[in-house]
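The file start_1.txt comes next; it holds compact mmCIF, C-alpha atoms.
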```txt
# COMPACT_ATOMS: atom_id res chain seq x y z
CA MET A 1 5.96 -15.32 -6.85
CA SER A 2 9.67 -14.97 -6.58
CA VAL A 3 11.46 -17.95 -5.09
CA GLU A 4 14.14 -17.31 -2.54
CA ARG A 5 17.49 -18.67 -3.54
CA GLY A 6 20.03 -20.39 -1.36
CA LEU A 7 17.66 -22.92 0.18
CA ASP A 8 19.29 -25.23 2.64
CA HIS A 9 17.24 -28.35 2.01
CA ALA A 10 18.68 -29.82 -1.17
CA VAL A 11 20.28 -32.58 0.91
CA PRO A 12 18.35 -34.09 3.85
CA SER A 13 19.50 -33.44 7.39
CA VAL A 14 20.80 -37.06 7.53
CA ALA A 15 24.07 -36.82 5.63
CA LEU A 16 24.62 -39.23 2.76
CA PRO A 17 27.73 -41.40 2.77
CA ARG A 18 30.45 -39.34 1.11
CA LYS A 19 31.67 -42.37 -0.82
CA LEU A 20 28.56 -41.97 -2.97
CA ALA A 21 30.19 -38.96 -4.56
CA GLU A 22 33.08 -41.13 -5.78
CA ILE A 23 30.61 -43.71 -7.14
CA LEU A 24 28.49 -41.12 -9.00
CA ARG A 25 31.20 -38.75 -10.30
CA PRO A 26 32.28 -40.97 -13.24
CA GLU A 27 28.68 -40.97 -14.48
CA LEU A 28 28.35 -37.20 -14.82
CA ALA A 29 29.40 -36.67 -18.44
CA SER A 30 27.25 -39.43 -19.92
CA LEU A 31 24.33 -38.59 -17.60
CA SER A 32 24.37 -34.98 -18.75
CA ALA A 33 24.15 -36.03 -22.39
CA GLU A 34 21.38 -38.53 -21.64
CA ILE A 35 19.29 -35.89 -19.86
CA VAL A 36 19.61 -33.42 -22.75
CA ASP A 37 18.73 -36.13 -25.30
CA GLU A 38 15.70 -37.22 -23.28
CA ILE A 39 14.44 -33.64 -22.96
CA ARG A 40 14.73 -33.14 -26.71
CA ALA A 41 13.03 -36.47 -27.43
CA THR A 42 10.05 -36.10 -25.08
CA ILE A 43 9.30 -32.35 -25.12
CA PRO A 44 8.47 -31.01 -28.62
CA ALA A 45 9.50 -27.45 -27.75
CA TYR A 46 13.10 -28.65 -27.32
CA ALA A 47 13.24 -30.82 -30.43
CA ARG A 48 15.18 -28.24 -32.46
CA PRO A 49 19.00 -28.46 -32.66
CA LEU A 50 20.61 -27.02 -29.54
CA ASP A 51 23.32 -25.08 -31.31
CA GLY A 52 24.48 -21.60 -30.42
CA PRO A 53 24.19 -19.71 -27.09
CA TYR A 54 20.71 -21.05 -26.31
CA GLY A 55 21.76 -24.69 -26.62
CA ARG A 56 24.90 -24.05 -24.62
CA SER A 57 22.87 -22.53 -21.78
CA ILE A 58 20.65 -25.63 -21.57
CA ARG A 59 23.62 -27.99 -21.58
CA ALA A 60 25.36 -25.83 -18.99
CA GLY A 61 22.27 -25.91 -16.79
CA VAL A 62 22.17 -29.70 -16.83
CA GLU A 63 25.90 -30.04 -16.22
CA TYR A 64 25.95 -27.56 -13.34
CA ALA A 65 22.96 -29.26 -11.74
CA ILE A 66 24.29 -32.80 -11.60
CA THR A 67 27.82 -31.64 -10.77
CA LEU A 68 26.54 -29.60 -7.81
CA PHE A 69 24.43 -32.50 -6.58
CA VAL A 70 27.43 -34.80 -6.41
CA ALA A 71 29.59 -32.03 -4.90
CA GLN A 72 27.07 -31.55 -2.10
CA ILE A 73 27.18 -35.25 -1.28
CA ALA A 74 30.96 -34.97 -0.91
CA ASP A 75 30.68 -31.72 1.03
CA PRO A 76 27.24 -30.45 2.15
CA ARG A 77 28.77 -26.97 2.48
CA ALA A 78 29.55 -26.75 -1.23
CA SER A 79 28.44 -23.41 -2.68
CA LYS A 80 25.24 -23.36 -4.72
CA GLU A 81 25.68 -19.80 -5.94
CA GLN A 82 27.12 -20.49 -9.39
CA SER A 83 24.62 -23.24 -10.20
CA HIS A 84 21.75 -21.08 -9.00
CA GLU A 85 22.88 -18.22 -11.21
CA VAL A 86 22.99 -20.54 -14.21
CA HIS A 87 19.47 -21.84 -13.58
CA HIS A 88 18.14 -18.38 -12.85
CA ARG A 89 19.42 -17.24 -16.26
CA LEU A 90 18.05 -20.42 -17.80
CA GLY A 91 14.59 -19.51 -16.54
CA GLN A 92 14.98 -16.00 -17.97
CA ASN A 93 16.06 -17.39 -21.35
CA GLU A 94 13.10 -19.76 -21.45
CA MET A 95 10.69 -16.86 -21.07
CA ARG A 96 12.50 -14.85 -23.75
CA GLU A 97 12.33 -17.87 -26.06
CA GLY A 98 8.57 -17.82 -25.64
CA ARG A 99 8.23 -21.13 -23.83
CA SER A 100 5.57 -21.72 -21.20
CA LEU A 101 6.06 -22.46 -17.53
CA ASP A 102 4.70 -25.97 -18.09
CA THR A 103 7.44 -26.63 -20.65
CA LEU A 104 10.11 -25.43 -18.25
CA GLN A 105 8.81 -27.51 -15.37
CA SER A 106 8.49 -30.55 -17.64
CA ALA A 107 12.18 -30.29 -18.48
CA TYR A 108 13.08 -30.49 -14.80
CA ARG A 109 10.82 -33.50 -14.31
CA VAL A 110 12.53 -35.25 -17.21
CA GLY A 111 15.92 -34.45 -15.68
CA ALA A 112 14.83 -35.88 -12.34
CA ARG A 113 13.46 -39.06 -13.96
CA VAL A 114 16.57 -39.73 -16.05
CA SER A 115 18.85 -39.02 -13.09
CA TRP A 116 16.98 -41.43 -10.88
CA ARG A 117 17.13 -44.21 -13.46
CA ARG A 118 20.90 -43.83 -13.63
CA ILE A 119 21.24 -43.69 -9.82
CA MET A 120 19.23 -46.91 -9.51
CA ARG A 121 21.56 -48.72 -11.91
CA VAL A 122 24.67 -47.40 -10.22
CA GLY A 123 23.27 -48.18 -6.77
CA ARG A 124 22.52 -51.81 -7.61
CA ARG A 125 25.93 -52.22 -9.17
CA ALA A 126 27.62 -50.76 -6.08
CA GLY A 127 25.48 -52.79 -3.68
CA LEU A 128 23.97 -49.79 -1.89
CA SER A 129 21.45 -50.58 0.84
CA SER A 130 17.77 -49.71 0.47
CA ALA A 131 18.11 -47.15 3.30
CA VAL A 132 20.89 -45.32 1.47
CA MET A 133 18.97 -45.49 -1.81
CA SER A 134 15.90 -44.00 -0.09
CA GLN A 135 17.97 -41.13 1.31
CA LEU A 136 19.55 -40.60 -2.08
CA ALA A 137 16.14 -40.44 -3.77
CA ASP A 138 14.86 -37.87 -1.27
CA ALA A 139 17.97 -35.75 -1.70
CA MET A 140 17.86 -35.89 -5.50
CA LEU A 141 14.15 -34.96 -5.74
CA ALA A 142 14.53 -32.09 -3.25
CA PHE A 143 17.55 -30.81 -5.17
CA MET A 144 15.71 -30.83 -8.51
CA ASP A 145 12.73 -29.06 -6.93
CA GLU A 146 15.08 -26.40 -5.63
CA LEU A 147 16.65 -25.76 -9.03
CA ALA A 148 13.24 -25.74 -10.70
CA SER A 149 12.17 -23.03 -8.24
CA VAL A 150 15.26 -20.96 -8.99
CA ALA A 151 14.54 -21.23 -12.74
CA LEU A 152 10.91 -20.31 -12.11
CA ASP A 153 12.13 -17.23 -10.27
CA GLY A 154 14.17 -16.21 -13.31
CA TYR A 155 11.28 -16.94 -15.66
CA LEU A 156 8.83 -14.77 -13.74
CA GLU A 157 11.37 -12.01 -13.33
CA ALA A 158 11.97 -11.88 -17.09
CA LYS A 159 8.24 -11.97 -17.72
CA ALA A 160 7.66 -9.10 -15.33
CA ARG A 161 10.22 -6.99 -17.18
CA THR A 162 8.49 -7.16 -20.54
CA ALA A 163 6.93 -3.82 -21.49
CA GLY A 164 3.28 -4.63 -20.88
CA ALA A 165 3.82 -7.06 -18.04
CA LEU A 166 6.12 -4.70 -16.15
CA ASP A 167 3.42 -2.04 -16.00
CA THR A 168 0.91 -4.62 -14.79
CA TRP A 169 3.23 -5.87 -12.06
CA ARG A 170 4.02 -2.33 -10.96
CA ARG A 171 0.32 -1.54 -10.60
CA ARG A 172 -0.14 -4.74 -8.64
CA LEU A 173 2.75 -3.77 -6.38
CA LEU A 174 1.13 -0.39 -5.82
CA GLY A 175 -2.12 -2.13 -4.90
CA VAL A 176 -0.34 -4.39 -2.42
CA LEU A 177 1.39 -1.40 -0.82
CA LEU A 178 -2.01 0.23 -0.24
CA GLU A 179 -3.79 -2.84 1.13
CA VAL A 180 -5.66 -2.65 4.43
CA PRO A 181 -4.56 -4.30 6.63
CA ALA A 182 -0.97 -3.84 5.48
CA ALA A 183 0.43 -6.61 3.30
CA PRO A 184 3.25 -8.79 4.70
CA PRO A 185 6.72 -7.44 3.88
CA LYS A 186 7.51 -10.69 2.03
CA ALA A 187 4.64 -10.12 -0.43
CA ILE A 188 5.92 -6.61 -1.10
CA ALA A 189 9.50 -7.83 -1.50
CA GLU A 190 8.49 -10.51 -4.02
CA LEU A 191 6.63 -8.08 -6.27
CA ALA A 192 9.35 -5.49 -5.87
CA GLN A 193 11.94 -8.02 -7.04
CA LEU A 194 9.87 -8.80 -10.12
CA THR A 195 9.62 -5.14 -11.06
CA GLY A 196 13.10 -4.03 -10.01
CA TRP A 197 11.67 -1.59 -7.45
CA ALA A 198 13.98 -0.87 -4.52
CA VAL A 199 11.85 -1.18 -1.38
CA PRO A 200 12.28 1.96 0.76
CA GLU A 201 11.76 2.21 4.49
CA GLN A 202 9.31 5.09 4.01
CA ALA A 203 7.29 6.48 1.12
CA SER A 204 4.87 9.28 0.27
CA PRO A 205 1.53 8.66 -1.44
CA ILE A 206 0.07 11.35 -3.69
CA ALA A 207 -3.62 11.66 -4.53
CA VAL A 208 -4.09 12.99 -8.08
CA GLN A 209 -7.10 15.07 -9.06
CA SER A 210 -7.54 15.56 -12.78
CA PRO A 211 -9.41 18.58 -14.22
CA LEU A 212 -13.14 18.29 -14.84
CA ASN A 213 -13.12 14.71 -13.55
CA GLY A 214 -11.16 13.61 -16.62
CA ARG A 215 -8.43 11.02 -16.54
CA ALA A 216 -5.01 11.95 -15.27
CA ARG A 217 -2.79 11.42 -18.30
CA ARG A 218 0.94 11.76 -17.97
CA HIS A 219 2.57 14.14 -20.46
CA ALA A 220 6.12 13.14 -19.54
CA THR A 221 7.88 10.13 -18.16
CA LEU A 222 7.63 9.60 -14.42
CA ASP A 223 10.78 8.66 -12.56
CA SER A 224 11.45 4.92 -12.69
CA ASP A 225 11.06 4.55 -8.92
CA VAL A 226 7.58 6.12 -8.92
CA LEU A 227 4.61 3.73 -8.84
CA ALA A 228 1.46 5.12 -10.46
CA GLU A 229 -2.14 4.16 -11.11
CA LEU A 230 -3.63 6.94 -13.20
CA ASP A 231 -6.51 5.15 -14.94
CA SER A 232 -8.64 4.44 -11.88
CA ALA A 233 -11.46 6.54 -10.48
CA GLU A 234 -9.08 7.70 -7.75
CA PRO A 235 -5.64 8.01 -9.37
CA CYS A 236 -2.63 7.99 -7.11
CA ILE A 237 1.14 7.78 -7.00
CA VAL A 238 3.64 6.40 -4.49
CA VAL A 239 7.07 8.03 -4.27
CA PRO A 240 9.93 6.50 -2.24
CA GLY A 241 10.91 8.76 0.64
CA ALA A 242 9.84 12.38 1.03
CA VAL A 243 8.64 14.52 -1.88
CA ASN A 244 11.20 17.31 -2.22
CA GLY A 245 11.17 20.29 -4.54
CA ALA A 246 12.95 18.61 -7.44
CA ARG A 247 10.70 15.56 -7.29
CA LEU A 248 7.62 17.75 -7.09
CA ALA A 249 8.69 19.73 -10.15
CA THR A 250 9.07 16.50 -12.12
CA LEU A 251 5.64 15.30 -11.08
CA GLN A 252 4.01 18.60 -11.99
CA ALA A 253 5.64 18.49 -15.42
CA ALA A 254 4.45 14.91 -15.93
CA LEU A 255 0.89 15.68 -14.79
CA PRO A 256 0.02 19.19 -15.98
CA ASN A 257 -3.34 20.65 -14.97
CA CYS A 258 -3.70 18.07 -12.20
CA ARG A 259 -3.97 18.93 -8.53
CA LEU A 260 -1.61 16.89 -6.37
CA SER A 261 -2.22 16.18 -2.70
CA VAL A 262 0.89 14.82 -1.00
CA GLY A 263 0.36 12.57 1.99
CA PRO A 264 2.85 12.48 4.87
CA CYS A 265 6.00 10.41 4.37
CA VAL A 266 5.34 7.26 6.43
CA PRO A 267 6.52 3.65 6.83
CA LEU A 268 5.08 1.35 4.17
CA ALA A 269 2.63 -0.20 6.63
CA SER A 270 0.94 3.23 7.01
CA LEU A 271 0.75 4.14 3.30
CA ALA A 272 -2.98 3.48 3.06
CA ASP A 273 -3.68 5.87 5.95
CA SER A 274 -1.46 8.54 4.45
CA LEU A 275 -3.21 8.25 1.07
CA ARG A 276 -6.58 8.52 2.82
CA TRP A 277 -5.45 11.78 4.43
CA ALA A 278 -4.19 13.05 1.07
CA ARG A 279 -7.53 12.30 -0.57
CA ARG A 280 -9.40 13.90 2.29
CA THR A 281 -7.25 17.00 1.85
CA LEU A 282 -8.48 17.23 -1.75
CA VAL A 283 -12.06 17.07 -0.50
CA LEU A 284 -11.44 19.88 1.99
CA ALA A 285 -9.88 21.99 -0.76
CA ASP A 286 -12.87 21.38 -3.03
CA ARG A 287 -15.20 22.48 -0.23
CA GLY A 288 -13.22 25.62 0.46
CA ARG A 289 -12.14 24.53 3.92
CA ILE A 290 -8.47 24.97 2.99
CA PRO A 291 -6.81 26.98 0.18
CA GLY A 292 -7.30 25.29 -3.18
CA GLU A 293 -3.68 25.28 -4.32
CA ARG A 294 -2.39 23.11 -7.15
CA VAL A 295 -0.11 21.24 -4.74
CA LEU A 296 -1.48 20.40 -1.31
CA ARG A 297 0.40 18.82 1.56
CA ALA A 298 -1.78 16.93 3.98
CA GLU A 299 0.69 17.36 6.83
CA GLU A 300 0.05 21.13 6.70
CA HIS A 301 -3.65 20.57 7.40
CA LEU A 302 -3.63 17.85 10.05
CA ALA A 303 -5.89 19.79 12.42
CA ALA A 304 -8.46 20.35 9.67
CA LEU A 305 -8.28 16.68 8.72
CA LEU A 306 -8.89 15.67 12.32
CA VAL A 307 -11.80 18.08 12.75
CA HIS A 308 -13.46 16.85 9.55
CA SER A 309 -12.62 13.17 9.96
CA ASP A 310 -16.13 11.96 10.82
CA GLY A 311 -18.99 14.08 9.51
CA VAL A 312 -21.73 11.93 11.02
CA LEU A 313 -20.18 12.05 14.48
CA THR A 314 -19.64 15.81 14.18
CA GLU A 315 -23.27 16.27 13.19
CA LEU A 316 -24.39 14.24 16.19
CA LEU A 317 -22.24 16.35 18.51
CA ARG A 318 -23.51 19.57 16.93
CA THR A 319 -27.11 18.48 17.36
CA ARG A 320 -26.54 17.69 21.03
CA LEU A 321 -24.62 20.84 21.85
CA PHE A 322 -26.83 23.31 20.00
CA ALA A 323 -30.20 21.79 20.70
CA PRO A 324 -31.21 24.98 22.65
CA LEU A 325 -31.08 26.87 19.32
CA ALA A 326 -33.48 24.54 17.53
CA ASP A 327 -36.51 26.80 17.98
CA MET A 328 -34.76 29.92 16.73
CA THR A 329 -34.89 31.27 13.20
CA ASP A 330 -31.96 30.79 10.88
CA LYS A 331 -31.04 34.43 11.26
CA GLN A 332 -31.02 34.21 15.07
CA GLN A 333 -28.92 31.04 14.92
CA ASP A 334 -26.42 32.60 12.54
CA ARG A 335 -26.04 35.69 14.71
CA LEU A 336 -25.54 33.83 17.98
CA LEU A 337 -23.23 31.17 16.54
CA GLU A 338 -21.14 33.83 14.84
CA THR A 339 -20.82 35.60 18.16
CA LEU A 340 -20.07 32.36 20.00
CA ARG A 341 -17.29 31.52 17.55
CA ALA A 342 -15.77 35.00 17.92
CA TRP A 343 -16.07 34.75 21.72
CA LEU A 344 -14.25 31.42 21.72
CA ASP A 345 -11.54 32.68 19.37
CA SER A 346 -11.04 35.90 21.32
CA GLN A 347 -11.17 34.30 24.76
CA GLY A 348 -14.03 36.57 25.76
CA ASN A 349 -12.42 39.94 24.87
CA VAL A 350 -15.43 42.11 24.00
CA VAL A 351 -13.46 44.74 22.07
CA GLU A 352 -11.75 42.11 19.93
CA ILE A 353 -15.06 40.34 19.31
CA ALA A 354 -16.60 43.62 18.17
CA GLU A 355 -13.72 44.18 15.77
CA ARG A 356 -14.05 40.67 14.36
CA LEU A 357 -17.79 41.02 13.84
CA GLN A 358 -17.61 44.70 12.91
CA VAL A 359 -20.36 45.58 15.39
CA HIS A 360 -20.53 47.86 18.44
CA PRO A 361 -19.19 46.41 21.72
CA GLN A 362 -22.61 46.98 23.25
CA THR A 363 -24.09 44.69 20.59
CA VAL A 364 -21.58 42.04 21.55
CA ARG A 365 -22.56 42.34 25.23
CA TYR A 366 -26.23 42.01 24.32
CA ARG A 367 -25.59 38.87 22.28
CA MET A 368 -23.42 37.39 25.00
CA ARG A 369 -26.26 37.84 27.47
CA GLN A 370 -28.43 35.86 25.03
CA LEU A 371 -25.78 33.13 24.82
CA GLN A 372 -25.50 33.03 28.61
CA ALA A 373 -29.25 32.73 28.92
CA THR A 374 -29.37 30.00 26.30
CA PHE A 375 -26.38 27.85 27.29
CA GLY A 376 -25.91 28.74 30.96
CA GLU A 377 -23.15 26.82 32.72
CA LEU A 378 -21.98 25.19 29.49
CA LEU A 379 -20.07 28.35 28.59
CA ARG A 380 -18.02 27.97 31.78
CA ASP A 381 -17.32 24.29 31.18
CA PRO A 382 -13.88 23.86 29.45
CA ALA A 383 -14.92 20.54 27.91
CA ALA A 384 -18.12 22.05 26.52
CA ARG A 385 -16.26 25.06 25.12
CA PHE A 386 -13.79 22.73 23.39
CA GLU A 387 -16.63 20.72 21.85
CA MET A 388 -18.37 23.89 20.71
CA GLU A 389 -15.26 25.23 19.03
CA LEU A 390 -14.63 21.86 17.41
CA VAL A 391 -18.14 21.75 15.96
CA LEU A 392 -18.11 25.38 14.86
CA ARG A 393 -14.85 24.89 12.99
CA ALA A 394 -16.07 21.69 11.38
CA ALA A 395 -19.42 23.20 10.38
CA ALA A 396 -18.14 26.56 9.17
CA ASP A 397 -19.62 26.16 5.69
CA ASP A 398 -22.28 23.54 6.39
CA ARG A 399 -25.16 25.94 6.82
CA PRO A 400 -28.60 24.52 5.91
CA ARG A 401 -30.57 25.47 2.83
CA SER A 402 -33.58 27.72 3.19
CA GLY A 403 -36.48 26.00 4.88
CA GLN A 404 -34.34 23.40 6.68
CA SER A 405 -34.19 23.30 10.45
CA TRP A 406 -30.82 23.53 12.15
CA PRO A 407 -29.66 21.50 13.93
CA PRO A 408 -31.32 18.53 12.17
CA PRO A 409 -34.70 17.47 13.59
CA LEU A 410 -33.58 15.12 16.35
CA ASN A 411 -35.09 14.96 19.82
CA ALA A 412 -33.04 17.86 21.10
CA ALA A 413 -34.07 17.55 24.73
CA ASN A 414 -33.01 13.93 24.86
CA MET A 415 -29.76 14.61 23.03
CA VAL A 416 -28.46 16.90 25.80
CA PRO A 417 -27.42 15.06 28.99
CA ALA A 418 -29.18 16.30 32.12
CA SER A 419 -25.89 17.27 33.73
CA ARG A 420 -25.12 19.57 30.78
CA ARG A 421 -28.55 21.20 30.18
CA PRO A 422 -28.78 24.92 31.01
CA THR A 423 -30.94 25.54 34.07
CA SER A 424 -32.41 28.73 32.63
CA LEU A 425 -33.40 27.32 29.23
CA GLU A 426 -37.18 27.62 29.72
CA ASP A 427 -36.86 31.12 31.16
CA SER A 428 -34.75 32.28 28.25
CA ARG A 429 -37.22 30.85 25.70
CA SER A 430 -40.17 32.50 27.46
CA ARG A 431 -38.36 35.85 27.28
CA ARG A 432 -37.93 35.41 23.53
```
Now that the file is in, can you turn its structure into structure tokens?
Amino acid sequence: MSVERGLDHAVPSVALPRKLAEILRPELASLSAEIVDEIRATIPAYARPLDGPYGRSIRAGVEYAITLFVAQIADPRASKEQSHEVHHRLGQNEMREGRSLDTLQSAYRVGARVSWRRIMRVGRRAGLSSAVMSQLADAMLAFMDELASVALDGYLEAKARTAGALDTWRRRLLGVLLEVPAAPPKAIAELAQLTGWAVPEQASPIAVQSPLNGRARRHATLDSDVLAELDSAEPCIVVPGAVNGARLATLQAALPNCRLSVGPCVPLASLADSLRWARRTLVLADRGRIPGERVLRAEEHLAALLVHSDGVLTELLRTRLFAPLADMTDKQQDRLLETLRAWLDSQGNVVEIAERLQVHPQTVRYRMRQLQATFGELLRDPAARFEMELVLRAAADDRPRSGQSWPPPLNAANMVPASRRPTSLEDSRSRR
């Protein structure tokens, strides 16, 4: 969108004879007037008198262009900065005057055509060779393309800064920042330039949850460096850098009655992941897995996010691990799994387990004998214990409704690898 200034290709790599500058310099004043007259005569939008600041800016643009072109022939190191600034402002003025991009580009084409006609006449009069004339044509056309691009940059920048367009461009920038895979830094830089957003090294995404599934409407102005999309089904915000206390207070004032879930502060390439974690944190809060505070910080719940990152995979692991419980009643399952969780948390301390479950230690010993009979060697396998604790934490509030089997009705025997099946499973079931 934005066009990088300071291009180095206005003059071809084969240097033009410097004497051309002396031949062309006397033509500059009359050529400038001819270009302006031709633009006014052939493009209706420029037919009005060019008096005042607007007319002066157009004349200045033409004069700076042809003067710089000749200066670069004399010295290829001649600075382009001032001419580029003039044409950048010219592009901005054209947008503010309400002209279209086609009109602006047409003006540059007219300038190139008139300039080439004059160069042809001067070249024949000076006896320039066809090779030199060809090089001169290439240089002139490349130079005009460069200035047209600089003006286009200014035009788009001014357009982006209009009230409605600026909001649109800022939302588009936010979308690009959250693309998967990550957008190229150049694409981000171009949109950021259009909107005046200073690109940070790191940023924090915030998932916004409005009350009763309504829209998240701002009641105050957000900071100018905050990018927001509040009208989508999943509203979000991106804040440069970390979200500190002062920033958070401003956001809460701007979005009253909304729950905010702040993702970790990460490099821009990881923003989409951080927003995904922030949104997942909202889900966990809604399900009661973590405290349902108004402001959540995903980085404070990384373990919970990891445990609950793949529900289908967790369900598959739970089905495999707890297949020996499939024939038990819901009440028996609840009792044994509750005891297993307490046993894992307490590292086998019977007294502590009894205190957690508020039962007699002898009851704990009885239930542990049932668990030993049901799971056998699995309870002594560190990897199996880790998997069990992982599943029990993930499934803490995923108990089935009445009448449903638990685990789900998969082929339990086939789900448990032979090397991990308890040797006393049939004996323990026969005792029940």
Spatial neighbours of Val351 in chain A, max dist 9 Å, all atoms listed in the file, sep filter under 6 positions, as a PyMOL selection string: chain A and resi 360-361+364
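We find CA of Arg365 in chain A and CA of Ala326 in chain A to be spaced 22.3 Å apart.
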Compile the contact shell of Ile188 in chain A as a count of residues only: residues with an atom at most 8 Å away, counting all atoms listed in the file, same-chain residues fewer than 3 positions apart removed. 8
Test item: residues at most 12 Å from Ser309 in chain A, only C-alpha atoms, excluding those fewer than 3 positions along its chain, as a VMD selection string: chain A and resid 276 to 277 279 to 281 283 to 284 301 to 306 312 to 315 390 to 391 394
Please list as a list of chain:residue names every residue within 10 Å of Val110 in chain A, counting all atoms listed in the file and excluding residues in the same chain fewer than 4 positions away.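 Neighbouring residues, sequence-local ones excluded: A:Ile35, A:Val36, A:Glu38, A:Ile39, A:Arg40, A:Thr42, A:Ile43, A:Gln105, A:Ser106, A:Val114, A:Ser115, A:Trp116.
Taking CA of Ser149 in chain A and CA of Glu81 in chain A as endpoints, the distance between them is 14.1 Å.
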Point-to-point distance from CA of Arg393 in chain A to CA of Glu355 in chain A, Å rounded to tenths: 19.5 Å
Here's a test: counting only C-alpha atoms, identify every protein, DNA and RNA residue with an atom at most 12 Å from (-22.6, 33.1, 16.3) in the file's coordinate frame, and state them as a count of residues only. 32
Need the neighbours of (0.1, 9.8, -4.1): which residues are at most 9 Å away, counting all atoms listed in the file, as a PyMOL selection string? chain A and resi 204-208+227-228+235-239+260-263+274-275+278-279
Compile the contact shell of range 154-159 of chain A as a JSON list (two decimals) with C-alpha atoms, keeping the file's coordinate frame: residues with an atom at most 9 Å away, counting all atoms listed in the file, same-chain residues fewer than 4 positions apart removed.
```json
[["chain", "number", "residue", "atom", "x", "y", "z"],
["A", 1, "MET", "CA", 5.96, -15.32, -6.85],
["A", 2, "SER", "CA", 9.67, -14.97, -6.58],
["A", 3, "VAL", "CA", 11.46, -17.95, -5.09],
["A", 87, "HIS", "CA", 19.47, -21.84, -13.58],
["A", 88, "HIS", "CA", 18.14, -18.38, -12.85],
["A", 89, "ARG", "CA", 19.42, -17.24, -16.26],
["A", 90, "LEU", "CA", 18.05, -20.42, -17.80],
["A", 91, "GLY", "CA", 14.59, -19.51, -16.54],
["A", 92, "GLN", "CA", 14.98, -16.00, -17.97],
["A", 93, "ASN", "CA", 16.06, -17.39, -21.35],
["A", 94, "GLU", "CA", 13.10, -19.76, -21.45],
["A", 95, "MET", "CA", 10.69, -16.86, -21.07],
["A", 96, "ARG", "CA", 12.50, -14.85, -23.75],
["A", 101, "LEU", "CA", 6.06, -22.46, -17.53],
["A", 104, "LEU", "CA", 10.11, -25.43, -18.25],
["A", 149, "SER", "CA", 12.17, -23.03, -8.24],
["A", 150, "VAL", "CA", 15.26, -20.96, -8.99],
["A", 165, "ALA", "CA", 3.82, -7.06, -18.04],
["A", 166, "LEU", "CA", 6.12, -4.70, -16.15],
["A", 193, "GLN", "CA", 11.94, -8.02, -7.04],
["A", 194, "LEU", "CA", 9.87, -8.80, -10.12],
["A", 195, "THR", "CA", 9.62, -5.14, -11.06],
["A", 196, "GLY", "CA", 13.10, -4.03, -10.01]]
```
